[in-house]
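For reference, start.cif is printed below; it contains mmCIF, C-alpha atoms and all ligand atoms.
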```cif
data_input
loop_
_atom_site.label_atom_id
_atom_site.label_comp_id
_atom_site.auth_asym_id
_atom_site.auth_seq_id
_atom_site.Cartn_x
_atom_site.Cartn_y
_atom_site.Cartn_z
CA MET R 94 127.06 73.62 122.34
CA ASN R 95 129.28 70.53 121.84
CA VAL R 96 132.80 71.74 121.08
CA LEU R 97 135.42 69.42 119.63
CA VAL R 98 138.74 70.60 121.07
CA LEU R 99 141.77 69.55 119.03
CA ASN R 100 145.45 69.76 119.91
CA ALA R 101 147.47 68.50 116.94
CA GLY R 102 151.18 67.69 117.25
CA SER R 103 153.67 66.19 114.80
CA SER R 104 152.58 62.59 115.35
CA SER R 105 149.87 62.89 117.97
CA LEU R 106 146.41 64.36 118.32
CA LYS R 107 144.71 65.08 121.64
CA PHE R 108 140.99 65.69 121.56
CA GLN R 109 138.07 66.36 123.87
CA LEU R 110 134.40 66.88 123.26
CA ILE R 111 133.07 69.43 125.75
CA ALA R 112 129.49 70.59 126.15
CA THR R 113 129.38 74.21 127.25
CA ASP R 114 127.53 77.50 126.80
CA LEU R 115 127.54 80.92 128.47
CA GLN R 116 125.27 79.78 131.30
CA ARG R 117 127.28 76.62 132.01
CA MET R 118 130.62 78.45 132.05
CA GLU R 119 129.22 81.04 134.44
CA GLU R 120 128.19 78.20 136.77
CA ASN R 121 131.29 76.07 136.09
CA ARG R 122 129.03 73.27 134.80
CA ASP R 123 130.78 72.52 131.50
CA GLN R 124 130.55 68.81 130.69
CA ARG R 125 133.27 66.58 129.24
CA LEU R 126 131.57 64.10 126.93
CA CYS R 127 134.59 62.23 125.61
CA ARG R 128 138.35 62.60 125.47
CA GLY R 129 141.23 60.78 123.92
CA LEU R 130 144.61 60.66 122.30
CA ILE R 131 145.91 59.33 119.02
CA GLU R 132 149.63 58.56 118.95
CA ARG R 133 152.05 57.35 116.27
CA ILE R 134 150.15 59.04 113.48
CA GLY R 135 151.93 58.29 110.19
CA GLY R 136 152.02 54.57 110.86
CA ASP R 137 149.95 52.10 112.83
CA ALA R 138 148.36 54.70 115.08
CA VAL R 139 147.26 53.93 118.64
CA ILE R 140 143.93 55.41 119.67
CA SER R 141 142.93 55.69 123.34
CA ILE R 142 139.47 56.98 124.11
CA ARG R 143 138.16 57.82 127.56
CA GLY R 144 134.38 57.85 127.57
CA ARG R 145 131.48 56.73 129.70
CA GLN R 146 132.60 53.09 129.46
CA GLY R 147 136.18 53.74 130.66
CA THR R 148 139.30 53.78 128.46
CA GLN R 149 139.34 51.84 125.19
CA THR R 150 142.43 51.36 123.06
CA SER R 151 142.54 50.41 119.38
CA ASN R 152 144.80 50.66 116.33
CA ALA R 153 144.27 52.09 112.86
CA ALA R 154 146.47 53.01 109.92
CA LEU R 155 146.33 56.82 109.95
CA THR R 156 148.66 58.51 107.51
CA ASP R 157 148.49 62.07 108.78
CA ILE R 158 146.73 64.55 111.07
CA GLY R 159 143.92 64.97 108.52
CA ALA R 160 143.19 61.24 108.59
CA ALA R 161 143.32 61.24 112.40
CA VAL R 162 140.83 64.12 112.67
CA ALA R 163 138.49 62.42 110.19
CA TYR R 164 138.78 59.21 112.22
CA ILE R 165 137.80 60.95 115.46
CA ILE R 166 134.86 62.74 113.89
CA ARG R 167 133.47 59.48 112.49
CA LEU R 168 133.99 57.83 115.85
CA LEU R 169 132.09 60.55 117.73
CA LEU R 170 129.26 61.32 115.32
CA PRO R 171 127.04 58.27 115.96
CA ASP R 172 126.84 59.24 119.66
CA PHE R 173 127.26 63.02 119.69
CA ASP R 174 126.55 66.12 117.66
CA ILE R 175 129.53 68.36 116.98
CA HIS R 176 128.51 72.03 116.85
CA ALA R 177 131.91 73.73 116.77
CA ALA R 178 135.65 73.03 116.83
CA GLY R 179 138.33 74.79 118.89
CA HIS R 180 141.98 74.39 117.97
CA ARG R 181 145.08 74.91 120.03
CA VAL R 182 147.39 76.83 117.72
CA VAL R 183 150.94 77.21 118.98
CA HIS R 184 152.14 80.43 117.37
CA GLY R 185 150.10 83.50 116.59
CA GLY R 186 153.15 85.78 116.30
CA GLU R 187 152.25 89.45 116.68
CA LEU R 188 149.09 88.94 114.65
CA PHE R 189 146.85 87.43 117.35
CA SER R 190 146.34 88.72 120.88
CA GLU R 191 143.16 86.74 121.44
CA SER R 192 141.23 83.77 120.15
CA VAL R 193 139.49 84.21 116.77
CA VAL R 194 136.88 82.58 114.56
CA ILE R 195 138.78 80.88 111.75
CA THR R 196 138.36 82.35 108.26
CA ASP R 197 140.50 82.06 105.13
CA VAL R 198 142.37 85.19 106.22
CA VAL R 199 143.05 83.66 109.65
CA ILE R 200 144.40 80.49 108.05
CA LYS R 201 146.70 82.59 105.89
CA ASP R 202 147.88 84.51 108.98
CA ILE R 203 148.58 81.25 110.85
CA ARG R 204 150.54 80.13 107.79
CA ASP R 205 152.49 83.38 107.93
CA CYS R 206 153.59 82.39 111.46
CA ILE R 207 155.02 79.03 110.32
CA ASP R 208 158.53 80.51 110.23
CA LEU R 209 158.20 81.12 113.98
CA ALA R 210 156.93 77.61 114.77
CA PRO R 211 157.86 75.32 111.87
CA LEU R 212 157.35 72.19 113.99
CA HIS R 213 153.90 73.12 115.25
CA ASN R 214 151.78 75.46 113.13
CA PRO R 215 151.65 73.20 110.04
CA HIS R 216 149.99 70.45 112.12
CA ASN R 217 147.53 72.91 113.63
CA ILE R 218 146.57 74.06 110.13
CA ALA R 219 146.19 70.44 109.00
CA GLY R 220 143.71 69.91 111.87
CA ILE R 221 141.70 72.98 110.87
CA LEU R 222 141.55 71.95 107.22
CA ALA R 223 140.50 68.42 108.14
CA VAL R 224 137.50 69.68 110.12
CA ARG R 225 136.59 71.91 107.18
CA GLN R 226 136.85 68.98 104.85
CA GLU R 227 134.41 66.98 107.01
CA PHE R 228 131.84 69.66 107.78
CA GLY R 229 132.39 72.57 105.36
CA SER R 230 131.16 75.82 106.91
CA LYS R 231 128.43 74.08 108.97
CA VAL R 232 130.76 73.74 111.95
CA PRO R 233 132.42 77.05 112.90
CA GLN R 234 136.02 76.81 114.08
CA VAL R 235 138.05 78.91 116.49
CA ALA R 236 141.82 79.22 116.95
CA VAL R 237 143.19 79.64 120.48
CA PHE R 238 146.85 80.64 120.49
CA ASP R 239 149.53 79.64 123.00
CA THR R 240 151.16 83.01 122.47
CA ALA R 241 148.08 85.27 122.58
CA PHE R 242 147.87 85.89 126.35
CA HIS R 243 151.48 87.14 126.35
CA GLN R 244 150.95 89.69 123.59
CA ARG R 245 150.53 92.53 126.12
CA ILE R 246 154.00 92.00 127.57
CA PRO R 247 155.67 95.42 127.29
CA GLU R 248 158.53 96.16 124.89
CA PRO R 249 161.36 96.24 127.46
CA ALA R 250 160.42 92.68 128.49
CA TYR R 251 159.89 91.24 125.02
CA LEU R 252 162.86 92.73 123.19
CA TYR R 253 166.19 90.93 123.10
CA ALA R 254 169.30 93.11 123.22
CA ILE R 255 170.43 92.15 119.73
CA PRO R 256 170.55 94.50 116.72
CA TYR R 257 167.09 96.04 116.46
CA ARG R 258 167.00 95.36 112.73
CA PHE R 259 166.58 91.64 113.49
CA TYR R 260 163.35 92.43 115.28
CA GLN R 261 162.26 94.62 112.37
CA ARG R 262 163.25 92.10 109.71
CA TYR R 263 162.39 88.78 111.33
CA ARG R 264 160.21 89.65 114.34
CA ILE R 265 162.77 88.11 116.66
CA ARG R 266 161.39 88.84 120.14
CA ARG R 267 159.93 87.09 123.17
CA TYR R 268 156.49 85.63 122.44
CA GLY R 269 156.01 83.20 125.34
CA PHE R 270 153.95 80.00 125.30
CA HIS R 271 151.59 78.02 127.56
CA GLY R 272 149.46 81.19 127.47
CA THR R 273 146.20 79.25 127.74
CA SER R 274 147.42 77.48 130.88
CA HIS R 275 148.72 80.66 132.56
CA ARG R 276 145.46 82.36 131.66
CA TYR R 277 143.33 79.50 132.99
CA VAL R 278 145.03 79.21 136.39
CA SER R 279 145.13 82.97 136.92
CA HIS R 280 141.40 82.99 136.13
CA ARG R 281 140.75 80.18 138.64
CA TYR R 282 142.76 82.10 141.26
CA ARG R 283 140.56 85.12 140.62
CA VAL R 284 137.44 83.00 141.08
CA LEU R 285 138.80 81.40 144.29
CA ARG R 286 139.75 84.78 145.76
CA GLN R 287 136.67 86.55 144.39
CA ILE R 288 138.71 89.42 143.04
CA THR R 289 138.74 91.34 139.76
CA ARG R 290 141.16 90.93 136.88
CA GLU R 291 142.77 94.26 137.81
CA GLN R 292 143.49 92.89 141.30
CA THR R 293 145.21 89.79 139.92
CA ASN R 294 148.95 90.03 140.67
CA VAL R 295 150.40 86.54 140.54
CA ILE R 296 153.34 84.46 139.41
CA THR R 297 152.16 81.30 137.62
CA LEU R 298 154.47 78.32 137.15
CA HIS R 299 153.46 75.75 134.54
CA LEU R 300 155.72 72.77 135.30
CA GLY R 301 155.02 69.86 132.97
CA ASN R 302 157.24 68.32 130.30
CA GLY R 303 157.58 71.86 129.05
CA CYS R 304 157.92 74.45 131.79
CA SER R 305 157.34 78.18 131.91
CA VAL R 306 156.63 80.93 134.40
CA ALA R 307 154.61 84.11 133.90
CA ALA R 308 154.52 87.36 135.88
CA ILE R 309 150.90 88.51 135.76
CA ARG R 310 150.13 92.05 136.90
CA GLY R 311 146.64 93.53 136.71
CA GLY R 312 145.44 90.27 135.11
CA TYR R 313 147.86 90.24 132.16
CA PRO R 314 151.44 88.96 131.78
CA VAL R 315 154.19 91.54 132.07
CA ASP R 316 156.88 88.92 131.46
CA THR R 317 157.26 85.21 130.79
CA SER R 318 160.18 82.82 130.67
CA MET R 319 159.76 81.16 127.27
CA GLY R 320 161.01 83.30 124.45
CA MET R 321 160.82 83.39 120.69
CA THR R 322 160.65 79.60 120.97
CA PRO R 323 159.78 77.35 123.93
CA LEU R 324 163.50 76.66 124.50
CA GLU R 325 164.19 79.62 126.79
CA GLY R 326 163.68 79.89 130.53
CA LEU R 327 163.16 77.11 133.05
CA VAL R 328 164.84 73.71 133.02
CA MET R 329 162.39 71.29 131.32
CA GLY R 330 162.07 67.55 130.66
CA THR R 331 164.40 67.61 127.66
CA ARG R 332 165.00 71.34 127.07
CA SER R 333 167.88 73.25 128.61
CA GLY R 334 166.05 76.52 129.23
CA ASP R 335 168.42 79.50 129.63
CA ILE R 336 172.03 78.98 128.60
CA ASP R 337 174.88 81.22 127.51
CA PRO R 338 174.27 81.39 123.72
CA ALA R 339 178.03 81.08 123.07
CA ILE R 340 177.77 77.48 124.32
CA MET R 341 176.12 76.61 121.00
CA THR R 342 179.26 77.55 119.08
CA VAL R 343 181.49 75.63 121.49
CA ILE R 344 179.41 72.43 121.23
CA ALA R 345 179.15 72.80 117.45
CA SER R 346 182.89 73.08 116.95
CA LYS R 347 183.91 70.48 119.57
CA GLU R 348 181.34 67.88 118.48
CA GLY R 349 181.37 68.68 114.74
CA LEU R 350 177.66 69.51 114.73
CA SER R 351 175.69 72.07 112.77
CA VAL R 352 173.87 74.86 114.61
CA HIS R 353 170.59 73.07 113.87
CA GLU R 354 171.94 69.88 115.40
CA VAL R 355 173.05 71.71 118.54
CA GLU R 356 169.62 73.33 118.81
CA ASN R 357 168.17 69.85 118.58
CA VAL R 358 170.42 68.71 121.46
CA LEU R 359 169.19 71.65 123.54
CA ASN R 360 165.57 70.83 122.75
CA THR R 361 165.55 67.05 123.00
CA GLN R 362 168.57 65.81 124.99
CA SER R 363 169.00 68.43 127.67
CA GLY R 364 167.09 69.56 130.77
CA LEU R 365 166.29 66.84 133.32
CA LEU R 366 167.22 64.14 130.80
CA GLY R 367 170.55 65.73 129.91
CA LEU R 368 171.63 66.37 133.48
CA SER R 369 170.54 63.02 134.89
CA GLU R 370 171.31 60.96 131.77
CA LEU R 371 168.45 58.80 133.05
CA THR R 372 165.05 60.20 132.13
CA ASN R 373 163.07 63.35 131.34
CA ASP R 374 160.32 62.24 133.71
CA MET R 375 160.28 63.96 137.10
CA ARG R 376 158.48 61.13 138.86
CA GLU R 377 161.05 58.60 137.65
CA LEU R 378 163.87 60.88 138.78
CA GLN R 379 162.35 61.16 142.24
CA GLN R 380 162.09 57.37 142.38
CA SER R 381 165.75 57.03 141.31
CA VAL R 382 166.76 59.25 144.21
CA ILE R 383 164.66 57.32 146.73
CA GLN R 384 165.30 53.79 145.47
CA GLN R 385 168.85 53.95 144.07
CA GLY R 386 170.18 57.03 145.83
CA SER R 387 171.04 58.46 142.39
CA THR R 388 173.11 61.61 142.90
CA ARG R 389 172.70 62.63 139.25
CA ALA R 390 168.93 62.45 139.51
CA GLN R 391 169.21 64.52 142.69
CA LEU R 392 171.40 67.06 140.92
CA ALA R 393 168.99 67.37 137.98
CA ILE R 394 166.13 68.03 140.41
CA GLN R 395 168.22 70.60 142.27
CA VAL R 396 169.07 72.51 139.08
CA PHE R 397 165.38 72.38 138.07
CA CYS R 398 164.19 73.81 141.40
CA TYR R 399 166.96 76.38 141.69
CA ARG R 400 166.13 77.83 138.26
CA ALA R 401 162.44 78.04 139.11
CA ARG R 402 163.16 79.80 142.42
CA LYS R 403 165.48 82.25 140.65
CA TYR R 404 162.67 83.17 138.25
CA ILE R 405 160.21 83.72 141.10
CA GLY R 406 162.73 86.13 142.64
CA ALA R 407 163.28 87.90 139.32
CA TYR R 408 159.56 88.26 138.69
CA LEU R 409 158.88 89.56 142.19
CA ALA R 410 161.29 92.33 141.24
CA ALA R 411 159.92 92.73 137.71
CA MET R 412 156.32 93.15 138.87
CA SER R 413 157.00 95.03 142.13
CA GLY R 414 155.77 92.16 144.29
CA ALA R 415 153.05 89.54 143.84
CA ASP R 416 150.10 88.42 145.97
CA ALA R 417 150.35 84.76 145.04
CA VAL R 418 152.45 82.05 143.43
CA ILE R 419 150.49 79.38 141.55
CA PHE R 420 151.78 75.93 140.62
CA THR R 421 150.30 73.96 137.73
CA GLY R 422 151.25 71.33 135.09
CA GLY R 423 152.00 67.64 135.80
CA ILE R 424 154.84 68.45 138.21
CA GLY R 425 153.35 71.61 139.71
CA GLU R 426 149.98 69.96 140.38
CA ASN R 427 151.27 66.66 141.70
CA SER R 428 154.62 67.03 143.42
CA PRO R 429 154.62 68.49 146.95
CA GLU R 430 158.38 67.81 147.15
CA ILE R 431 159.22 69.92 144.11
CA ARG R 432 156.94 72.76 145.23
CA ALA R 433 158.58 72.69 148.66
CA ALA R 434 162.07 72.69 147.15
CA ILE R 435 161.22 75.66 144.91
CA CYS R 436 159.57 77.66 147.69
CA GLY R 437 162.24 76.84 150.28
CA GLY R 438 164.40 79.89 150.85
CA LEU R 439 161.69 82.33 149.81
CA GLU R 440 160.51 82.95 153.39
CA TRP R 441 162.36 86.29 153.30
CA ALA R 442 159.86 87.39 150.64
CA GLY R 443 156.92 86.44 152.88
CA LEU R 444 156.24 83.13 151.15
CA LYS R 445 155.64 80.45 153.76
CA LEU R 446 154.47 77.02 152.67
CA ASP R 447 152.06 75.03 154.86
CA GLU R 448 153.74 71.61 154.95
CA GLU R 449 150.57 69.70 155.70
CA ALA R 450 148.43 71.47 153.08
CA ASN R 451 151.19 71.12 150.49
CA HIS R 452 151.56 67.42 151.21
CA HIS R 453 147.86 66.78 150.62
CA ALA R 454 147.49 68.94 147.51
CA VAL R 455 147.95 66.36 144.75
CA GLY R 456 145.95 66.97 141.58
CA VAL R 457 143.48 69.27 143.32
CA GLU R 458 142.92 73.00 143.76
CA ALA R 459 144.32 74.04 147.12
CA ARG R 460 145.91 76.88 149.04
CA ILE R 461 149.22 75.52 150.29
CA SER R 462 150.70 78.49 152.16
CA ARG R 463 150.42 79.28 155.87
CA GLU R 464 148.18 82.04 157.17
CA PRO R 465 149.30 84.73 157.44
CA SER R 466 151.67 84.59 154.51
CA HIS R 467 152.48 87.74 152.60
CA ILE R 468 152.51 85.73 149.38
CA THR R 469 149.80 83.05 149.15
CA VAL R 470 150.69 79.83 147.33
CA TYR R 471 148.23 77.71 145.37
CA ALA R 472 148.25 74.44 143.46
CA ILE R 473 145.71 74.71 140.64
CA PRO R 474 145.31 71.95 138.02
CA THR R 475 145.34 73.46 134.56
CA ASP R 476 142.62 72.80 131.98
CA GLU R 477 143.62 74.23 128.63
CA GLU R 478 140.97 72.22 126.77
CA LEU R 479 138.19 73.73 128.85
CA LEU R 480 139.43 77.25 128.14
CA ILE R 481 139.65 76.44 124.43
CA ALA R 482 136.06 75.15 124.48
CA ARG R 483 134.86 78.26 126.33
CA ASP R 484 136.75 80.61 124.00
CA THR R 485 135.22 78.79 121.04
CA VAL R 486 131.71 79.42 122.29
CA ARG R 487 132.44 83.04 123.22
CA CYS R 488 134.07 83.79 119.86
CA ILE R 489 131.20 82.24 117.90
CA LEU R 490 128.65 84.22 119.92
CA GLY R 491 130.74 87.38 119.61
CA GLU R 492 131.09 87.63 123.40
CA PRO R 493 134.12 89.30 125.00
CA HIS R 494 136.76 87.09 126.65
CA PRO R 495 136.38 87.67 130.37
CA SER R 496 138.94 85.10 131.54
P1 LIG S 501 152.90 67.79 129.29
O1 LIG S 501 153.71 69.04 129.40
O2 LIG S 501 153.42 66.83 128.26
O3 LIG S 501 151.40 68.03 129.23
P2 LIG S 501 152.45 67.04 132.02
O4 LIG S 501 151.90 68.36 132.38
O5 LIG S 501 151.57 65.85 132.11
O6 LIG S 501 153.19 67.02 130.64
O7 LIG S 501 153.70 66.79 133.00
C1 LIG S 501 154.52 65.69 132.88
C2 LIG S 501 155.52 65.71 134.03
O8 LIG S 501 154.78 65.68 135.27
C3 LIG S 501 156.44 64.51 134.05
O9 LIG S 501 157.76 64.92 134.34
C4 LIG S 501 155.89 63.66 135.19
O10 LIG S 501 156.86 62.88 135.81
C5 LIG S 501 155.42 64.76 136.13
N1 LIG S 501 154.52 64.24 137.14
C6 LIG S 501 153.27 63.75 136.99
N2 LIG S 501 152.80 63.30 138.19
C7 LIG S 501 153.80 63.50 139.09
C8 LIG S 501 153.94 63.24 140.50
N3 LIG S 501 152.98 62.68 141.20
N4 LIG S 501 155.09 63.60 141.09
C9 LIG S 501 156.09 64.17 140.37
N5 LIG S 501 156.01 64.45 139.07
C10 LIG S 501 154.89 64.11 138.43
#
```

Output the structure of this file as structure tokens.
Ligand code: ADP
Amino acid sequence: MNVLVLNAGSSSLKFQLIATDLQRMEENRDQRLCRGLIERIGGDAVISIRGRQGTQTSNAALTDIGAAVAYIIRLLLPDFDIHAAGHRVVHGGELFSESVVITDVVIKDIRDCIDLAPLHNPHNIAGILAVRQEFGSKVPQVAVFDTAFHQRIPEPAYLYAIPYRFYQRYRIRRYGFHGTSHRYVSHRYRVLRQITREQTNVITLHLGNGCSVAAIRGGYPVDTSMGMTPLEGLVMGTRSGDIDPAIMTVIASKEGLSVHEVENVLNTQSGLLGLSELTNDMRELQQSVIQQGSTRAQLAIQVFCYRARKYIGAYLAAMSGADAVIFTGGIGENSPEIRAAICGGLEWAGLKLDEEANHHAVGVEARISREPSHITVYAIPTDEELLIARDTVRCILGEPHPS
């Protein structure tokens, strides 16, 4: 089955066409037929396609996500059949704890979650409607939610200690994000170790532009660092992660900003960018330290790593110990230095990094802890698109979701 995987943002659209079926996923033989990215949707959009002939870039006037989806479909159809579509949907609220075949009711439910993710869900819906517009009901569609994997997190971990009526009235609680990534790498760990879901007790760190950590016990998250929105938790490229909420009032009154404007500062001007006042990009920060001896870049990296280590400690306590720590995301997969800085000082917990193995693990699956180490450490590249494609096939065939 050729599955068109779509990840629609405010002005960008990532897509992949993946050929997979139950047999292929069992044997890890899924095939990526084409992938690409459309940026600057709303104006003169830039389209980059990676296919058999390498990467090709072009421009087109694409007014919105719908136009971008239609463009991709027309581009693919001469060469490939499209049998199904799988969509990354950011927020499923409390309504979705797993991926689902999209129906009118599902679209309405995703709309009902717009309040929780006003910047994301509308674009995801636009993507779904655009595929419908092109194919009608001939091409079944599946929604895979960022929040779904975290829906089993127990009440004491998802409730905030604010008046309970706010949870009742507005569903203010921890939802968590990056669920597809945490789910994928914990699944890969299970395959590598040849263990069951019930035996899967790991802490997964997704460190990309957005960053989050999940405590996974018995195969399911018991806690995660992102909250009602992706703003909570770890230090990120431009997001602050955890702060004292009273800081919002102080900044608002001192700077003459509205609460919305302060939230925007915390989302877009904080984190690595805010601390360094240089860049949100970890690689560039590391270069600034090496080439210019930038102390601010160094400080930003230190705050980033300290926060991550603190969460590992907290989750070891929350889940009564873990068997493994898994690094993923652009930073987690590619930066031995950051992994070493985060793991340094965790030897007391039985987590001992293998310097050599860590150094060589760049963009590949690898065990990077010493033997024996009470807590094993892995670098595992994430592949959310693959999981979306697999979920799409499973949902359409009515198969359970083993990963
Ligand atoms: P997104 O969350 O947007 O998908 P990625 O997962 O690609 O982002 O992660 C982007 C981050 O990964 C950037 O901060 C980038 O600098 C960092 N990164 C990528 N490669 C490396 C590397 N070799 N060393 C350090 N950081 C890296």

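Closest approach to ligand LIG 501 (chain S) among R:Arg245, R:Lys231, R:His353, R:Lys107: R:Lys107, based on all atoms listed in the file.
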
For the contact check between chain R and ligand LIG 501 (chain S), emit one row per residue of chain R within 7 Å, containing the shortest atom pair and the distance in Å rounded to one decimal, counting only C-alpha atoms and all ligand atoms, chain then rising number order, as a Markdown table.
```
| residue | atom | partner | partner_atom | distance |
| --- | --- | --- | --- | --- |
| R:Leu300 | CA | S:LIG501 | O4 | 6.5 |
| R:Gly301 | CA | S:LIG501 | O7 | 3.3 |
| R:Asn302 | CA | S:LIG501 | O1 | 3.7 |
| R:Gly303 | CA | S:LIG501 | O1 | 4.8 |
| R:Gly330 | CA | S:LIG501 | O9 | 6.2 |
| R:Asn373 | CA | S:LIG501 | O9 | 6.3 |
| R:Asp374 | CA | S:LIG501 | O9 | 3.8 |
| R:Met375 | CA | S:LIG501 | O10 | 3.8 |
| R:Arg376 | CA | S:LIG501 | O10 | 3.9 |
| R:Glu377 | CA | S:LIG501 | O10 | 6.3 |
| R:Gly422 | CA | S:LIG501 | O4 | 4.1 |
| R:Gly423 | CA | S:LIG501 | O7 | 3.4 |
| R:Ile424 | CA | S:LIG501 | O8 | 4.0 |
| R:Asn427 | CA | S:LIG501 | N3 | 4.4 |
| R:Ser428 | CA | S:LIG501 | N4 | 4.2 |
```

Neighbouring residues of Ser496 in chain R were defined as those with any atom within 8 Å, considering all atoms listed in the file; residues of the same chain fewer than 3 positions away were excluded. Please report them as a CSV table (one decimal) with C-alpha atoms, in the frame of the given file.
```
chain,number,residue,atom,x,y,z
R,276,ARG,CA,145.5,82.4,131.7
R,277,TYR,CA,143.3,79.5,133.0
R,280,HIS,CA,141.4,83.0,136.1
```

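Checking R:Asp157, R:Asp205, R:Asp316, R:Asp239 one by one against Glu478 in chain R, counting only C-alpha atoms, you find the shortest gap at R:Asp239.
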
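Our summary of the geometry notes that CA of Cys436 in chain R is positioned 9.0 Å from CA of Ile405 in chain R.
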
Would you mind listing what lies within 10 Å of range 354-358 of chain R as a ChimeraX atom specification, with all atoms listed in the file counted and same-chain residues fewer than 4 positions away left out?
-> /R:324,331-333,340-345,348-350,362-364,367

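Distances here use only C-alpha atoms; by that measure, the residue among R:Gly438, R:Gly414, R:Gly491, R:Gly386 closest to His467 in chain R is R:Gly414.
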
Because some atoms of range 333-338 of chain R are absent here, can you restore all heavy atoms and send them as a PDB file, in the coordinates of the input?
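Done, and the output landed in part-v9.pdb:
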```pdb
ATOM      1  N   SER R 333     166.917  72.654 127.676  1.00  0.00           N
ATOM      2  CA  SER R 333     167.880  73.250 128.610  1.00  0.00           C
ATOM      3  C   SER R 333     167.321  74.465 129.333  1.00  0.00           C
ATOM      4  O   SER R 333     167.757  74.780 130.432  1.00  0.00           O
ATOM      5  CB  SER R 333     169.122  73.683 127.834  1.00  0.00           C
ATOM      6  OG  SER R 333     168.759  74.672 126.873  1.00  0.00           O
ATOM      7  N   GLY R 334     166.375  75.200 128.702  1.00  0.00           N
ATOM      8  CA  GLY R 334     166.050  76.520 129.230  1.00  0.00           C
ATOM      9  C   GLY R 334     167.242  77.441 129.000  1.00  0.00           C
ATOM     10  O   GLY R 334     168.057  77.197 128.097  1.00  0.00           O
ATOM     11  N   ASP R 335     167.374  78.492 129.838  1.00  0.00           N
ATOM     12  CA  ASP R 335     168.420  79.500 129.630  1.00  0.00           C
ATOM     13  C   ASP R 335     169.826  78.896 129.603  1.00  0.00           C
ATOM     14  O   ASP R 335     170.189  78.135 130.496  1.00  0.00           O
ATOM     15  CB  ASP R 335     168.408  80.507 130.801  1.00  0.00           C
ATOM     16  CG  ASP R 335     167.108  81.281 130.876  1.00  0.00           C
ATOM     17  OD1 ASP R 335     166.425  81.390 129.847  1.00  0.00           O
ATOM     18  OD2 ASP R 335     166.786  81.771 131.975  1.00  0.00           O
ATOM     19  N   ILE R 336     170.590  79.274 128.590  1.00  0.00           N
ATOM     20  CA  ILE R 336     172.030  78.980 128.600  1.00  0.00           C
ATOM     21  C   ILE R 336     172.754  80.176 127.993  1.00  0.00           C
ATOM     22  O   ILE R 336     172.132  81.030 127.344  1.00  0.00           O
ATOM     23  CB  ILE R 336     172.423  77.710 127.807  1.00  0.00           C
ATOM     24  CG1 ILE R 336     172.087  77.864 126.309  1.00  0.00           C
ATOM     25  CG2 ILE R 336     171.792  76.455 128.378  1.00  0.00           C
ATOM     26  CD1 ILE R 336     172.855  76.886 125.428  1.00  0.00           C
ATOM     27  N   ASP R 337     174.049  80.232 128.188  1.00  0.00           N
ATOM     28  CA  ASP R 337     174.880  81.220 127.510  1.00  0.00           C
ATOM     29  C   ASP R 337     174.856  80.851 126.021  1.00  0.00           C
ATOM     30  O   ASP R 337     175.259  79.739 125.652  1.00  0.00           O
ATOM     31  CB  ASP R 337     176.299  81.105 128.096  1.00  0.00           C
ATOM     32  CG  ASP R 337     177.304  82.002 127.387  1.00  0.00           C
ATOM     33  OD1 ASP R 337     176.979  82.540 126.304  1.00  0.00           O
ATOM     34  OD2 ASP R 337     178.416  82.130 127.914  1.00  0.00           O
ATOM     35  N   PRO R 338     174.392  81.762 125.139  1.00  0.00           N
ATOM     36  CA  PRO R 338     174.270  81.390 123.720  1.00  0.00           C
ATOM     37  C   PRO R 338     175.599  80.985 123.075  1.00  0.00           C
ATOM     38  O   PRO R 338     175.604  80.227 122.095  1.00  0.00           O
ATOM     39  CB  PRO R 338     173.705  82.649 123.048  1.00  0.00           C
ATOM     40  CG  PRO R 338     173.542  83.662 124.101  1.00  0.00           C
ATOM     41  CD  PRO R 338     173.878  83.083 125.437  1.00  0.00           C
TER      42      PRO R 338
END
```
